Amino acid sequence: MNPIKAFSAGESPGQIAAAGALLEALAIESGYKAQRGLPGASGPADVRDKLIVQAASFRALPGRLLAILGANGCGKTTLLKTCIGLLPPLGGRALLAGHDLASLSPRKRARIVAWVPQQSESAWSFTAREVVSQGRYALLGPFSPFRSEDADAVDNAIEALDLRGLAEQSFSRLSGGEARRVLIARALAQDTPLMALDEPAAHLDPGRQMELMDTLAALAKAGKAVAVSLHDVNSARRYADDVLLIDRQGRCYFGPPESVLSPERLEDAYDTEFLHGDHAGYGRYVLPLARKKKGKPLS
Amino acid sequence: MPLSSRARARKNAAAFALISACAGLAFVLSVGMGAVALSPLEVLDGLYGIASGREAEPAQLIVGLRLTRALLAAAVGASLASAGAVLQGLFRNPLADPYVIGSSSGAALGAVLAMTFGAQASVGGFSPIGGAAFIGGLGATFLVYLIAGASRIRSDAASLLLAGSALSSLISACVSIVLALKDKDLHQAWFWLLGGFSGRGLPQLGAAAPGMLLGFVAALAASRVLDLLAAGDEEARSLGLSPVAARLVIGGFAALSVSASVSVAGAIGFVGLVSPHLARRFVGPAHRALIPASAIIGAAMLLLSDAVSRTLFAPVEMPVGAVTALIGAPFFLYKIARRGLESAR
């Protein structure tokens with residue numbers, strides 16, 4: 001049986017409805033709203049909505065790690081942001097823990113999903129601990145006092161990401177990898193059932209990448225739903241329970257890694273020929289072999 | 001609680017003790033300076049005398065006369081400085097100050113217009129000129145929000161900042177034109193454009209206090225939200241905040257306290273810009289400590305500036321805004337030259 005399905009806009013979104021999903025994207029379309037003019041109106045490019053990902057349907061389940069893969073610029077980040085309510089969808093809809101995204105207030109949404117951006121640039125130099133503490137806002141709101149359980153949650157998050165030695169340092173002076181750990185700790189302190197991360201492994205050395213993926217896998221194992229956009233196909237194959245592959249036309253394939261990441265589909269999605277290997281210790285892996293002629297550009 | 005944050009709390013407590021002591025010293029010095037100079041001990045003795053209801057002696061009478069003016073200067077300084085800290089946080093910009101949302105210049109225009117139309121009478125601390133300044137300040141801020149909100153990106157920090165500074169220039173031009181047409185009021189108009197406490201005291205303080213107090217309490221209440229806004233709108237949203245609504249509400253309260261200040265003391269620049277920078281040095285960027293620290297430093301700065309404006313060329317009194325600019329602008333230029341804008345954060 002082949003569980004992979006390429007969902008097209010015409011298909012009923014209800015087909016993949018599942019109980020317990022923390023994020024359920026139903027034929028969601030992401031991209032950028034036109035700056036002016038009517039949405040979807042025809043005309044010159046700057047007055048049209050720029051659709052990047054078409055009709056993506058997938059779900060993030062508790063205890064599972066979902067990897068979102070695709071070439072640079074295919075819309076991984078845009079799709080992820082759209083699904084958690086940071087960008088307006090151009091079509092379709094997304095459910096967060098069963099609630100329609102549009103019906104959730106920012107605070108209610110932030111109690112379901114924590115977002116880990118690739119980087120964070122604060123206007124002021126807060127300490128790492130102060131940044132992590134901000135994760136508690138969704139639970140506290142603007143006025144209620146910081147309780148001891150909030151301090152505990154912050155401490156635990158700092159502990160979990162091995163940041164004890166960095167907690168009182170200025171966040172803006174941390175290295176890229178350290179800053180990312182602080183942002184994950186902030187998301188952990190937010191104490192949500194779903195965590196979405198935007199290419200957290202980017203710019204990390206192989207050792208740190210592995211460390212990070214181990215951390216994410218542990219979070220998933222502990223019961224969280226983890227949705228993460230990745231560049232490394234091998235990481236996805238090794239760590240992910242589910243994969244969403246976006247190809248260069250903005251089409252999406254969702255399913256378990258071994259079936260979604262087939263040689264043909266990888267070659268097509270990245271426009272690159274891969275060498276496929278199998279190592280006794282590591283398992284199956286791919287290496288880029290040759291860049292194919294660039295296909296016709298998007299849109 | 002982990003040791004490290006206890007250590008931070010101790011450090012902040014020490015910083016607050018230090019700046020409070022400085023502000024206290026500034027208060028005593030400011031009351032002591034004038035045509036009849038009093039030593040700090042005489043000032044303290046006079047203050048004690050007033051507090052205990054002792055029979056008045058000459059020094060005590062002088063202290064009594066200068067006290068209300070000093071209180072007003074401290075309140076206006078605290079109010080402008082805490083509003084400055086709020087606005088810098090709101091716009092994620094170390095260059096933001098009460099002029100940015102148009103409230104300073106709007107208040108000046110309101111005052112000048114009221115003067116031009118001959119409103120002079122006053123009831124208690126409430127004068128029509130002060131009222132017009134108050135309305136002008138709030139009105140200008142409202143207009144800034146309206147203009148920035150009309151753009152598709154809706155009241156984001158950058159469009160508010162741009163709309164605010166453009167509108168401020170426009171309003172300043174209007175003020176100049178009004179003054180050119182009514183040059184007999186020029187001297188009084190000066191007061192509104194550059195600020196001062198000449199002839200102001202308890203009644204004016206009483207009139208402005210509710211607005212200032214409300215603004216300050218709101219600023220403190222907004223400190224957690226301001227911390228969140230520092231990372232930008234998208235991240236603030238992901239953490240559970242509605243940045244546009246937050247900016248509207250918090251900016252409104254900041255405009256309230258600025259307008260209340262300007263309605264009694266004119267448009268005094270640089271206190272709101274410089275004080276938060278100094279405060280960040282002492283207590284760090286977290287707004288819960290930054291806002292009160294800014295208020296204390298702003299009070300000290302305006303107390304000293306007022307003392308200088310009264311005494312430097314006595315009996316001629318200089319506009320206090322000129323003194324704050326003389327102190328504040330070089331400080332700011334020095335900071336920029338020394339470590340670039342990055343350090344201003």
# chains A, B, ... in the order shown; residues from 1 in each chain; ligands from 1
>>> closest_atom_pairs(of="chain A", to="chain B", cutoff="6 Å", atoms="only C-alpha atoms", output="tab-separated table")
residue	atom	partner	partner_atom	distance
A:Pro106	CA	B:Gly240	CA	4.5
A:Arg107	CA	B:Gly240	CA	3.9
A:Ala110	CA	B:Gly240	CA	4.9
A:Glu121	CA	B:Ala231	CA	5.8
A:Ser122	CA	B:Ala231	CA	4.3
A:Ala123	CA	B:Ala230	CA	5.1
A:Trp124	CA	B:Arg345	CA	5.4
A:Ala138	CA	B:Gly240	CA	5.1
A:Pro142	CA	B:Arg224	CA	5.9
>>> residues_around(residues="A:Gly250", least_positions_apart="2", cutoff="12 Å", atoms="only C-alpha atoms", output="ChimeraX atom specification")
/A:6-8,28-31,50-56,69-76,78-79,244-248,252-253,268-269,297-299
>>> residues_around(residues="stretch 19-24 of chain A", least_positions_apart="5", cutoff="9 Å", atoms="only C-alpha atoms", output="VMD selection string")
chain A and resid 57 to 62 83 to 84 93 to 98 112 to 113 193 to 194 225 227
>>> atom_distance(atom1="atom CA of B:Pro276", atom2="atom CA of B:Ala289")
10.7 Å
>>> select_by_dssp(residues="stretch 81-147 of chain A", states="alpha helix (DSSP H)", output="ChimeraX atom specification")
/A:81-83,106-112,128-133,137-140
>>> atom_distance(atom1="atom CA of B:Ala267", atom2="atom CA of B:Ser105")
7.0 Å
>>> select_by_dssp(residues="stretch 71-146 of chain A", states="strand (DSSP E)", output="PyMOL selection string")
chain A and resi 91-96+99-100+113-116
>>> residues_around(residues="stretch 206-209 of chain A", least_positions_apart="6", cutoff="12 Å", atoms="only C-alpha atoms", output="ChimeraX atom specification")
/A:176-178,180-181,199-200,215-216,230-232,234-236,239
>>> write_last_selection(atoms="all heavy atoms", output="CSV table (one decimal), in the first residue's frame")
chain,number,residue,atom,x,y,z
A,176,GLY,N,25.2,31.7,16.9
A,176,GLY,CA,23.9,31.3,16.2
A,176,GLY,C,23.3,30.0,16.8
A,176,GLY,O,22.1,30.0,17.1
A,177,GLY,N,24.2,29.0,17.1
A,177,GLY,CA,23.6,27.8,17.7
A,177,GLY,C,23.1,28.0,19.1
A,177,GLY,O,22.1,27.4,19.5
A,178,GLU,N,23.8,28.8,19.9
A,178,GLU,CA,23.4,29.1,21.2
A,178,GLU,C,22.1,29.8,21.2
A,178,GLU,O,21.1,29.5,22.0
A,178,GLU,CB,24.4,29.9,22.0
A,178,GLU,CG,25.7,29.1,22.3
A,178,GLU,CD,26.9,30.0,22.7
A,178,GLU,OE1,26.8,31.3,22.5
A,178,GLU,OE2,27.9,29.5,23.2
A,180,ARG,N,19.8,29.8,19.0
A,180,ARG,CA,18.7,28.9,18.6
A,180,ARG,C,18.3,28.0,19.8
A,180,ARG,O,17.1,27.8,19.9
A,180,ARG,CB,19.2,28.0,17.4
A,180,ARG,CG,18.1,27.5,16.6
A,180,ARG,CD,18.2,27.7,15.1
A,180,ARG,NE,19.1,28.6,14.6
A,180,ARG,CZ,19.9,28.4,13.6
A,180,ARG,NH1,19.9,27.2,13.0
A,180,ARG,NH2,20.7,29.3,13.1
A,181,ARG,N,19.2,27.6,20.6
A,181,ARG,CA,18.9,26.8,21.8
A,181,ARG,C,18.0,27.6,22.7
A,181,ARG,O,17.1,27.1,23.3
A,181,ARG,CB,20.1,26.3,22.4
A,181,ARG,CG,20.4,24.8,22.1
A,181,ARG,CD,21.9,24.5,22.2
A,181,ARG,NE,22.4,24.7,23.5
A,181,ARG,CZ,23.7,25.0,23.8
A,181,ARG,NH1,24.5,25.2,22.8
A,181,ARG,NH2,24.1,25.1,25.0
A,199,GLU,N,13.7,25.8,10.1
A,199,GLU,CA,15.0,25.5,9.8
A,199,GLU,C,16.0,25.6,11.0
A,199,GLU,O,17.0,26.4,10.9
A,199,GLU,CB,15.5,26.3,8.6
A,199,GLU,CG,14.8,25.8,7.4
A,199,GLU,CD,15.3,26.6,6.1
A,199,GLU,OE1,16.4,27.1,6.1
A,199,GLU,OE2,14.5,26.6,5.1
A,200,PRO,N,15.7,24.9,12.1
A,200,PRO,CA,16.6,25.1,13.3
A,200,PRO,C,18.0,24.6,13.1
A,200,PRO,O,18.9,25.0,13.8
A,200,PRO,CB,15.8,24.3,14.3
A,200,PRO,CG,15.1,23.3,13.6
A,200,PRO,CD,14.7,23.9,12.3
A,215,THR,N,17.5,16.4,20.3
A,215,THR,CA,16.7,17.2,21.3
A,215,THR,C,15.2,17.2,20.8
A,215,THR,O,14.3,17.0,21.5
A,215,THR,CB,17.2,18.7,21.4
A,215,THR,OG1,18.5,18.6,21.8
A,215,THR,CG2,16.3,19.4,22.4
A,216,LEU,N,15.0,17.5,19.5
A,216,LEU,CA,13.7,17.5,18.9
A,216,LEU,C,13.0,16.2,19.0
A,216,LEU,O,11.8,16.1,19.3
A,216,LEU,CB,13.7,18.0,17.5
A,216,LEU,CG,14.2,19.5,17.3
A,216,LEU,CD1,14.1,19.9,15.8
A,216,LEU,CD2,13.5,20.4,18.2
A,230,LEU,N,13.3,21.5,7.4
A,230,LEU,CA,14.7,21.0,7.4
A,230,LEU,C,15.3,21.1,6.0
A,230,LEU,O,14.5,21.1,5.0
A,230,LEU,CB,14.7,19.6,7.8
A,230,LEU,CG,14.5,19.2,9.2
A,230,LEU,CD1,14.5,17.7,9.4
A,230,LEU,CD2,15.5,19.8,10.2
A,231,HIS,N,16.6,21.2,5.9
A,231,HIS,CA,17.3,21.1,4.6
A,231,HIS,C,17.9,19.8,4.4
A,231,HIS,O,18.1,19.4,3.3
A,231,HIS,CB,18.4,22.2,4.6
A,231,HIS,CG,18.0,23.5,4.1
A,231,HIS,ND1,17.4,23.6,2.8
A,231,HIS,CD2,18.1,24.7,4.5
A,231,HIS,CE1,17.1,24.9,2.6
A,231,HIS,NE2,17.5,25.6,3.6
A,232,ASP,N,18.2,19.1,5.5
A,232,ASP,CA,18.9,17.9,5.4
A,232,ASP,C,18.0,16.7,5.2
A,232,ASP,O,17.3,16.3,6.2
A,232,ASP,CB,19.8,17.7,6.6
A,232,ASP,CG,20.7,16.5,6.5
A,232,ASP,OD1,20.8,15.9,5.4
A,232,ASP,OD2,21.2,16.1,7.6
A,234,ASN,N,18.8,13.6,5.0
A,234,ASN,CA,19.1,12.5,5.8
A,234,ASN,C,18.6,12.6,7.2
A,234,ASN,O,18.2,11.6,7.8
A,234,ASN,CB,20.6,12.3,5.8
A,234,ASN,CG,21.2,11.9,4.5
A,234,ASN,OD1,20.6,11.0,3.8
A,234,ASN,ND2,22.3,12.5,4.1
A,235,SER,N,18.6,13.9,7.8
A,235,SER,CA,18.1,14.1,9.1
A,235,SER,C,16.6,13.7,9.1
A,235,SER,O,16.1,13.1,10.0
A,235,SER,CB,18.2,15.6,9.5
A,235,SER,OG,19.5,15.8,9.9
A,236,ALA,N,15.9,14.2,8.1
A,236,ALA,CA,14.5,13.9,8.0
A,236,ALA,C,14.2,12.4,8.0
A,236,ALA,O,13.4,11.9,8.7
A,236,ALA,CB,13.9,14.5,6.7
A,239,TYR,N,15.2,11.0,11.6
A,239,TYR,CA,14.5,11.4,12.8
A,239,TYR,C,13.0,11.6,12.7
A,239,TYR,O,12.2,11.5,13.6
A,239,TYR,CB,15.0,12.8,13.3
A,239,TYR,CG,16.4,12.7,13.8
A,239,TYR,CD1,17.5,13.0,13.0
A,239,TYR,CD2,16.6,12.3,15.2
A,239,TYR,CE1,18.8,12.9,13.6
A,239,TYR,CE2,17.9,12.2,15.7
A,239,TYR,CZ,19.0,12.5,14.9
A,239,TYR,OH,20.3,12.5,15.4
>>> atom_distance(atom1="atom CA of B:Ala96", atom2="atom CA of B:Ser169")
14.9 Å
>>> residues_around(residues="stretch 166-173 of chain A", least_positions_apart="5", cutoff="8 Å", atoms="only C-alpha atoms", output="PyMOL selection string")
(chain A and resi 121-122+125-129+131+158+179) or (chain B and resi 4)
>>> write_last_selection(atoms="all heavy atoms", output="compact mmCIF listing (two decimals), in the first residue's frame")
# COMPACT_ATOMS: atom_id res chain seq x y z
N GLU A 121 15.89 39.01 16.48
CA GLU A 121 16.67 40.22 16.72
C GLU A 121 15.89 41.14 17.62
O GLU A 121 14.95 41.79 17.19
CB GLU A 121 16.99 40.90 15.39
CG GLU A 121 18.41 40.63 14.95
CD GLU A 121 18.72 41.31 13.64
OE1 GLU A 121 18.62 42.54 13.59
OE2 GLU A 121 19.02 40.59 12.67
N SER A 122 16.31 41.19 18.85
CA SER A 122 15.62 42.05 19.79
C SER A 122 16.20 43.46 19.70
O SER A 122 17.36 43.64 19.39
CB SER A 122 15.79 41.51 21.21
OG SER A 122 15.11 42.34 22.11
N SER A 125 19.21 44.48 24.55
CA SER A 125 19.97 43.27 24.84
C SER A 125 19.47 42.62 26.13
O SER A 125 20.02 42.83 27.20
CB SER A 125 21.47 43.57 24.89
OG SER A 125 21.74 44.51 25.88
N PHE A 126 18.43 41.82 25.99
CA PHE A 126 17.93 41.02 27.10
C PHE A 126 18.89 39.88 27.38
O PHE A 126 19.62 39.44 26.49
CB PHE A 126 16.56 40.44 26.75
CG PHE A 126 15.47 41.47 26.68
CD1 PHE A 126 14.82 41.73 25.50
CD2 PHE A 126 15.09 42.16 27.81
CE1 PHE A 126 13.82 42.69 25.42
CE2 PHE A 126 14.08 43.11 27.76
CZ PHE A 126 13.45 43.37 26.56
N THR A 127 18.85 39.35 28.60
CA THR A 127 19.63 38.16 28.87
C THR A 127 18.88 36.95 28.31
O THR A 127 17.69 37.02 28.01
CB THR A 127 19.80 37.93 30.39
OG1 THR A 127 18.52 37.72 30.96
CG2 THR A 127 20.46 39.12 31.06
N ALA A 128 19.62 35.84 28.16
CA ALA A 128 19.01 34.62 27.64
C ALA A 128 17.82 34.23 28.53
O ALA A 128 16.77 33.83 28.04
CB ALA A 128 20.04 33.50 27.59
N ARG A 129 17.97 34.38 29.85
CA ARG A 129 16.89 34.00 30.74
C ARG A 129 15.65 34.86 30.51
O ARG A 129 14.53 34.36 30.51
CB ARG A 129 17.33 34.12 32.20
CG ARG A 129 16.22 33.78 33.20
CD ARG A 129 16.65 34.00 34.63
NE ARG A 129 17.77 33.15 35.00
CZ ARG A 129 17.64 31.88 35.36
NH1 ARG A 129 16.46 31.32 35.41
NH2 ARG A 129 18.69 31.17 35.67
N VAL A 131 14.78 36.23 27.73
CA VAL A 131 14.16 35.78 26.47
C VAL A 131 13.33 34.52 26.72
O VAL A 131 12.19 34.41 26.26
CB VAL A 131 15.23 35.54 25.39
CG1 VAL A 131 14.62 34.89 24.16
CG2 VAL A 131 15.90 36.86 25.01
N ILE A 158 15.64 25.99 30.53
CA ILE A 158 17.06 26.33 30.45
C ILE A 158 17.91 25.09 30.68
O ILE A 158 18.88 24.82 29.97
CB ILE A 158 17.39 27.44 31.47
CG1 ILE A 158 16.85 28.78 30.97
CG2 ILE A 158 18.88 27.52 31.73
CD1 ILE A 158 16.93 29.90 31.95
N ALA A 179 21.98 30.81 20.35
CA ALA A 179 20.75 31.61 20.27
C ALA A 179 19.57 30.71 19.91
O ALA A 179 18.47 30.84 20.45
CB ALA A 179 20.90 32.71 19.23
N SER B 4 21.22 33.15 40.39
CA SER B 4 21.59 34.19 39.44
C SER B 4 20.57 35.31 39.39
O SER B 4 20.94 36.47 39.34
CB SER B 4 21.77 33.57 38.06
OG SER B 4 20.70 32.71 37.80
>>> residues_around(residues="B:Ser79", least_positions_apart="4", cutoff="12 Å", atoms="only C-alpha atoms", output="PyMOL selection string")
chain B and resi 72-75+83-86+97-98+205+208-220+253-262+264-265+268+271-272+275-276+291-302
>>> write_last_selection(atoms="N, CA and C atoms", output="compact mmCIF listing (two decimals), in the first residue's frame")
# COMPACT_ATOMS: atom_id res chain seq x y z
N LEU B 72 6.96 70.10 40.74
CA LEU B 72 6.42 70.09 39.39
C LEU B 72 7.47 69.64 38.38
N ALA B 73 8.70 70.20 38.53
CA ALA B 73 9.78 69.83 37.62
C ALA B 73 10.06 68.33 37.71
N ALA B 74 10.08 67.80 38.93
CA ALA B 74 10.35 66.38 39.11
C ALA B 74 9.24 65.54 38.47
N ALA B 75 7.99 65.96 38.67
CA ALA B 75 6.87 65.19 38.11
C ALA B 75 6.90 65.21 36.59
N ALA B 83 7.52 58.13 29.68
CA ALA B 83 6.88 58.06 28.37
C ALA B 83 7.91 57.78 27.29
N GLY B 84 9.10 58.38 27.43
CA GLY B 84 10.17 58.12 26.47
C GLY B 84 10.57 56.66 26.46
N ALA B 85 10.70 56.07 27.67
CA ALA B 85 11.06 54.65 27.75
C ALA B 85 9.98 53.80 27.09
N VAL B 86 8.73 54.15 27.32
CA VAL B 86 7.62 53.40 26.72
C VAL B 86 7.67 53.51 25.20
N ASP B 97 11.12 59.33 21.05
CA ASP B 97 10.88 60.16 22.23
C ASP B 97 9.48 60.76 22.09
N PRO B 98 9.05 61.55 23.09
CA PRO B 98 7.67 62.07 23.03
C PRO B 98 7.36 62.89 21.78
N LEU B 205 0.45 71.68 38.99
CA LEU B 205 0.80 70.28 39.26
C LEU B 205 -0.47 69.47 39.51
N ALA B 208 -2.28 68.67 36.27
CA ALA B 208 -1.65 67.71 35.36
C ALA B 208 -1.45 66.34 35.99
N ALA B 209 -1.48 66.31 37.33
CA ALA B 209 -1.11 65.06 38.02
C ALA B 209 -1.95 63.85 37.61
N PRO B 210 -3.29 63.97 37.47
CA PRO B 210 -4.05 62.76 37.12
C PRO B 210 -3.58 62.13 35.81
N GLY B 211 -3.38 62.98 34.79
CA GLY B 211 -2.93 62.47 33.49
C GLY B 211 -1.57 61.81 33.58
N MET B 212 -0.66 62.50 34.30
CA MET B 212 0.69 61.96 34.41
C MET B 212 0.69 60.63 35.18
N LEU B 213 -0.10 60.62 36.26
CA LEU B 213 -0.13 59.45 37.11
C LEU B 213 -0.72 58.25 36.36
N LEU B 214 -1.82 58.52 35.67
CA LEU B 214 -2.46 57.45 34.89
C LEU B 214 -1.50 56.91 33.84
N GLY B 215 -0.79 57.84 33.19
CA GLY B 215 0.17 57.44 32.17
C GLY B 215 1.28 56.58 32.76
N PHE B 216 1.74 56.95 33.95
CA PHE B 216 2.84 56.22 34.57
C PHE B 216 2.39 54.82 34.99
N VAL B 217 1.21 54.74 35.59
CA VAL B 217 0.69 53.43 36.00
C VAL B 217 0.50 52.54 34.77
N ALA B 218 -0.02 53.12 33.70
CA ALA B 218 -0.22 52.34 32.47
C ALA B 218 1.11 51.87 31.92
N ALA B 219 2.13 52.74 32.01
CA ALA B 219 3.45 52.37 31.50
C ALA B 219 3.99 51.17 32.27
N LEU B 220 3.84 51.21 33.60
CA LEU B 220 4.31 50.08 34.41
C LEU B 220 3.54 48.82 34.05
N PHE B 253 -1.83 55.91 26.08
CA PHE B 253 -1.52 56.32 27.45
C PHE B 253 -0.24 57.16 27.52
N ALA B 254 0.73 56.81 26.67
CA ALA B 254 1.96 57.61 26.64
C ALA B 254 1.63 59.04 26.20
N ALA B 255 0.76 59.14 25.18
CA ALA B 255 0.36 60.46 24.71
C ALA B 255 -0.35 61.24 25.81
N LEU B 256 -1.13 60.53 26.60
CA LEU B 256 -1.85 61.16 27.71
C LEU B 256 -0.86 61.79 28.70
N SER B 257 0.15 61.03 29.10
CA SER B 257 1.06 61.60 30.10
C SER B 257 1.93 62.70 29.50
N VAL B 258 2.31 62.54 28.22
CA VAL B 258 3.11 63.61 27.60
C VAL B 258 2.27 64.88 27.48
N SER B 259 1.03 64.73 27.04
CA SER B 259 0.18 65.91 26.87
C SER B 259 -0.05 66.60 28.21
N ALA B 260 -0.25 65.81 29.26
CA ALA B 260 -0.43 66.41 30.58
C ALA B 260 0.82 67.19 30.98
N SER B 261 2.00 66.63 30.71
CA SER B 261 3.25 67.32 31.04
C SER B 261 3.37 68.62 30.24
N VAL B 262 3.16 68.50 28.94
CA VAL B 262 3.35 69.68 28.09
C VAL B 262 2.34 70.76 28.42
N VAL B 264 1.42 71.80 31.19
CA VAL B 264 1.86 72.68 32.28
C VAL B 264 3.26 73.23 32.07
N ALA B 265 4.09 72.53 31.33
CA ALA B 265 5.49 72.94 31.29
C ALA B 265 6.02 73.21 29.88
N ILE B 268 9.30 70.18 26.42
CA ILE B 268 10.69 70.06 26.86
C ILE B 268 11.29 68.82 26.20
N VAL B 271 14.63 65.07 27.59
CA VAL B 271 14.49 64.30 28.83
C VAL B 271 13.98 62.90 28.51
N GLY B 272 12.98 62.85 27.62
CA GLY B 272 12.39 61.57 27.25
C GLY B 272 13.31 60.72 26.39
N SER B 275 16.98 60.00 29.21
CA SER B 275 16.82 59.29 30.48
C SER B 275 16.74 57.76 30.31
N PRO B 276 15.94 57.25 29.35
CA PRO B 276 15.90 55.79 29.23
C PRO B 276 17.26 55.17 28.89
N ILE B 291 11.33 51.41 33.35
CA ILE B 291 10.38 52.54 33.38
C ILE B 291 10.51 53.35 34.68
N PRO B 292 10.48 52.70 35.87
CA PRO B 292 10.69 53.52 37.07
C PRO B 292 12.07 54.14 37.13
N ALA B 293 13.09 53.42 36.66
CA ALA B 293 14.45 53.99 36.70
C ALA B 293 14.52 55.21 35.79
N SER B 294 13.90 55.13 34.60
CA SER B 294 13.87 56.28 33.71
C SER B 294 13.18 57.46 34.38
N ALA B 295 12.07 57.16 35.06
CA ALA B 295 11.31 58.22 35.71
C ALA B 295 12.17 58.95 36.74
N ILE B 296 12.92 58.18 37.54
CA ILE B 296 13.76 58.80 38.57
C ILE B 296 14.85 59.65 37.93
N ILE B 297 15.49 59.11 36.90
CA ILE B 297 16.57 59.84 36.24
C ILE B 297 16.02 61.09 35.54
N GLY B 298 14.83 60.95 34.91
CA GLY B 298 14.21 62.10 34.26
C GLY B 298 13.89 63.20 35.25
N ALA B 299 13.41 62.81 36.43
CA ALA B 299 13.11 63.79 37.47
C ALA B 299 14.37 64.54 37.87
N ALA B 300 15.45 63.79 38.09
CA ALA B 300 16.72 64.40 38.48
C ALA B 300 17.21 65.35 37.40
N MET B 301 17.11 64.89 36.16
CA MET B 301 17.63 65.70 35.05
C MET B 301 16.87 67.02 34.94
N LEU B 302 15.55 66.95 35.08
CA LEU B 302 14.78 68.18 34.92
C LEU B 302 14.92 69.09 36.12
>>> decode(residues="stretch 296-315 of chain B", atoms="C-alpha atoms", output="PDB file, in the first residue's frame")
ATOM      1  CA  ILE B 296      13.756  58.798  38.571  1.00  0.00           C
ATOM      2  CA  ILE B 297      16.567  59.843  36.239  1.00  0.00           C
ATOM      3  CA  GLY B 298      14.214  62.095  34.256  1.00  0.00           C
ATOM      4  CA  ALA B 299      13.107  63.794  37.469  1.00  0.00           C
ATOM      5  CA  ALA B 300      16.718  64.400  38.485  1.00  0.00           C
ATOM      6  CA  MET B 301      17.628  65.700  35.051  1.00  0.00           C
ATOM      7  CA  LEU B 302      14.778  68.176  34.915  1.00  0.00           C
ATOM      8  CA  LEU B 303      15.349  69.364  38.499  1.00  0.00           C
ATOM      9  CA  LEU B 304      18.959  70.211  37.692  1.00  0.00           C
ATOM     10  CA  SER B 305      18.073  71.706  34.314  1.00  0.00           C
ATOM     11  CA  ASP B 306      15.470  73.934  35.961  1.00  0.00           C
ATOM     12  CA  ALA B 307      17.977  75.053  38.588  1.00  0.00           C
ATOM     13  CA  VAL B 308      20.487  75.906  35.882  1.00  0.00           C
ATOM     14  CA  SER B 309      17.900  77.747  33.809  1.00  0.00           C
ATOM     15  CA  ARG B 310      16.979  79.878  36.819  1.00  0.00           C
ATOM     16  CA  THR B 311      20.462  80.714  38.010  1.00  0.00           C
ATOM     17  CA  LEU B 312      22.925  80.740  35.120  1.00  0.00           C
ATOM     18  CA  PHE B 313      21.963  84.192  33.802  1.00  0.00           C
ATOM     19  CA  ALA B 314      19.866  85.331  36.776  1.00  0.00           C
ATOM     20  CA  PRO B 315      17.706  87.308  36.958  1.00  0.00           C
TER      21      PRO B 315
END
